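Heads up, the thing below is written out as structure tokens.
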Amino acid sequence: MMEQGLRTIPTWKLDKFIEDYLLPDTIFGADVKSAIKVMCDFLKERCFQGAAHPVRVSKVVKGGSSGKGTTLKGRSDADLVVFLNNLTSFQDQLNRRGEFIKEIKKRLYELQCEKHFGVKFEVQSSWWPNARALSFKLSVPHLHQEVEFDVLPAFDVLGQVSIYSRPDPQIYALLIRECVSLGLEGEFSACFTELQRNFLKQRPTKLKSLIRLVKHWYQLCKEKLGKPLPPQYALELLTVHAWEHGNGFTEFNTAQGFGTVLELVIKYKQLRIYWTAYYDFQHQEVSDYLGNLEGWRRLAEEADVWLWYPCFIKKDGSRVSSWDVPTEVPVPFQQVDENWTCLLL
């Protein structure tokens, strides 16, 4: 029904569609926010009391769509990243995360039994002894909705982070060396949760609604096409790029924004997009690394079909125009392969 709704809805009703079907329930959101605060306080202040070895939690950070403010109704997800002073390197995080997850799981079962906890959550079992995260489903029974979330132990490599923080390039150089040597690219993304969250935190409300629409479209494609597809975060970044270069205002035509993103997907072979909010190309080791498609091809074919649906057709029968957006951002200091797809923070 949801797919049929988006396929057939007129372009001038897209905002209403987002409001009715994609924005999370405000009451449920308040309950979840309250429950997550209880969990964050618990993880930081009580979780490791009495543990066999002293454990210090430097901070607990909310990530995922809940942290970024792009939650979809009925598809909420939240990451609670527990930064531990006991972890002193990326390798240490990889080796020891299992023991911390085991302790967190044990303590959260105890929290579940406490009377004052207004929502219920179900701890998901994992057969992997050194799992990356402990997964939960949190629900508010009277609203018949639930949030999937993960608790992830992480190495506090960034320390204190502000909205304008730019990490020391040596941090990325260390990350690249360890990931390449271990073959674990992307394994330590949780360590950079605050940067991912801050990247979207100050963005306009309507841009976040457009991101929700693109995420919903992506989920429909995923259900239809299966794997492989590009990661969802790549579509979120593409949406931000489309808005920054094509419009940049707090108010805009949603159909134009949506169509622009799909057209960029179709041009996936020419995409070379990045932001230098949190890094630049000055450090040679970082510069050498930033630069690499069956999944994109399949998504592009679907995007080409969608652009002829009613949500992109105006009342006079013509197609909604897209924003004028470049597919490439010039990369300084190096030559790059012309046939690659790259979207990076």
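Labels for the structure tokens follow display order: chains A, B, ..., residues from 1 in each chain, ligands from 1.
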
Tell me, as a ChimeraX atom specification, which residues lie within 12 Å of Val55 (chain A), counting only C-alpha atoms; anything in the same chain fewer than 2 positions away does not count.
/A:43-53,57-58,82-87,99-100,103-104,153

Store the residues of this selection in a file with C-alpha atoms, as a PDB file, in the first residue's frame.
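Output contents, as saved in part24.pdb:
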```pdb
ATOM      1  CA  LEU A  43      25.099   2.694  30.562  1.00  0.00           C
ATOM      2  CA  LYS A  44      27.193   5.609  31.756  1.00  0.00           C
ATOM      3  CA  GLU A  45      26.579   5.523  35.496  1.00  0.00           C
ATOM      4  CA  ARG A  46      25.487   2.047  36.573  1.00  0.00           C
ATOM      5  CA  CYS A  47      26.146  -0.565  33.916  1.00  0.00           C
ATOM      6  CA  PHE A  48      29.697  -1.472  34.897  1.00  0.00           C
ATOM      7  CA  GLN A  49      29.398  -1.116  38.658  1.00  0.00           C
ATOM      8  CA  GLY A  50      30.762  -4.272  40.212  1.00  0.00           C
ATOM      9  CA  ALA A  51      32.363  -5.489  36.974  1.00  0.00           C
ATOM     10  CA  ALA A  52      35.346  -7.828  37.330  1.00  0.00           C
ATOM     11  CA  HIS A  53      37.692  -5.157  35.917  1.00  0.00           C
ATOM     12  CA  VAL A  57      32.575   5.168  30.280  1.00  0.00           C
ATOM     13  CA  SER A  58      33.672   8.527  28.875  1.00  0.00           C
ATOM     14  CA  VAL A  82      29.345   3.531  24.510  1.00  0.00           C
ATOM     15  CA  PHE A  83      32.802   5.085  24.485  1.00  0.00           C
ATOM     16  CA  LEU A  84      35.099   3.293  26.915  1.00  0.00           C
ATOM     17  CA  ASN A  85      38.389   4.611  28.292  1.00  0.00           C
ATOM     18  CA  ASN A  86      39.471   0.975  28.674  1.00  0.00           C
ATOM     19  CA  LEU A  87      39.727   0.711  24.882  1.00  0.00           C
ATOM     20  CA  GLU A  99      33.480  -8.943  26.825  1.00  0.00           C
ATOM     21  CA  PHE A 100      31.892  -5.502  27.183  1.00  0.00           C
ATOM     22  CA  GLU A 103      28.460  -7.308  30.559  1.00  0.00           C
ATOM     23  CA  ILE A 104      26.042  -4.777  29.023  1.00  0.00           C
ATOM     24  CA  PRO A 153      31.283  -0.355  22.592  1.00  0.00           C
TER      25      PRO A 153
END
```

Give one line per residue of region 198-263 of chain A that approaches region 300-321 of chain A to at most 12 Å, naming the two atoms of the closest pair and their distance in Å to one decimal, counting only C-alpha atoms; sort by chain then ascending residue number and deliver it as a tab-separated table.
```
residue	atom	partner	partner_atom	distance
A:Leu213	CA	A:Cys311	CA	11.8
A:Val214	CA	A:Ala303	CA	11.0
A:Trp217	CA	A:Ala303	CA	9.4
A:Tyr218	CA	A:Ala303	CA	9.7
A:Leu220	CA	A:Glu302	CA	10.3
A:Cys221	CA	A:Glu302	CA	7.4
A:Lys222	CA	A:Glu302	CA	10.5
A:Lys224	CA	A:Glu302	CA	9.7
A:Leu225	CA	A:Glu302	CA	8.9
A:Leu229	CA	A:Ala300	CA	10.0
A:Pro230	CA	A:Ala300	CA	10.5
A:Leu235	CA	A:Ala300	CA	11.8
A:Gly246	CA	A:Ser321	CA	11.5
A:Asn253	CA	A:Val320	CA	9.6
A:Thr254	CA	A:Phe312	CA	9.8
A:Ala255	CA	A:Phe312	CA	6.1
A:Gln256	CA	A:Ser321	CA	6.1
A:Gly257	CA	A:Ser321	CA	9.3
A:Phe258	CA	A:Phe312	CA	8.6
A:Gly259	CA	A:Leu307	CA	6.7
A:Thr260	CA	A:Ser321	CA	8.3
A:Val261	CA	A:Ala303	CA	9.1
A:Leu262	CA	A:Ala303	CA	5.4
A:Glu263	CA	A:Ala303	CA	7.3
```

From the options A:Ile27, A:Val38, A:Leu200, A:Leu138, which residue's atoms come nearest to Glu236 (chain A), counting only C-alpha atoms?
A:Leu200

Write out as number ranges by chain the set of residues from region 93-239 of chain A that DSSP, computed on the backbone, places in alpha helix (DSSP H).
A: 93-112, 169-182, 193-201, 205-225, 232-239

Contacts of region 181-191 of chain A at 12 Å or less, counting only C-alpha atoms, minus same-chain residues fewer than 6 places along, as a ChimeraX atom specification?
/A:59-64,78-84,87-94,97,131-133,150-159,161,167,171-172,174-175,197,231,289,345
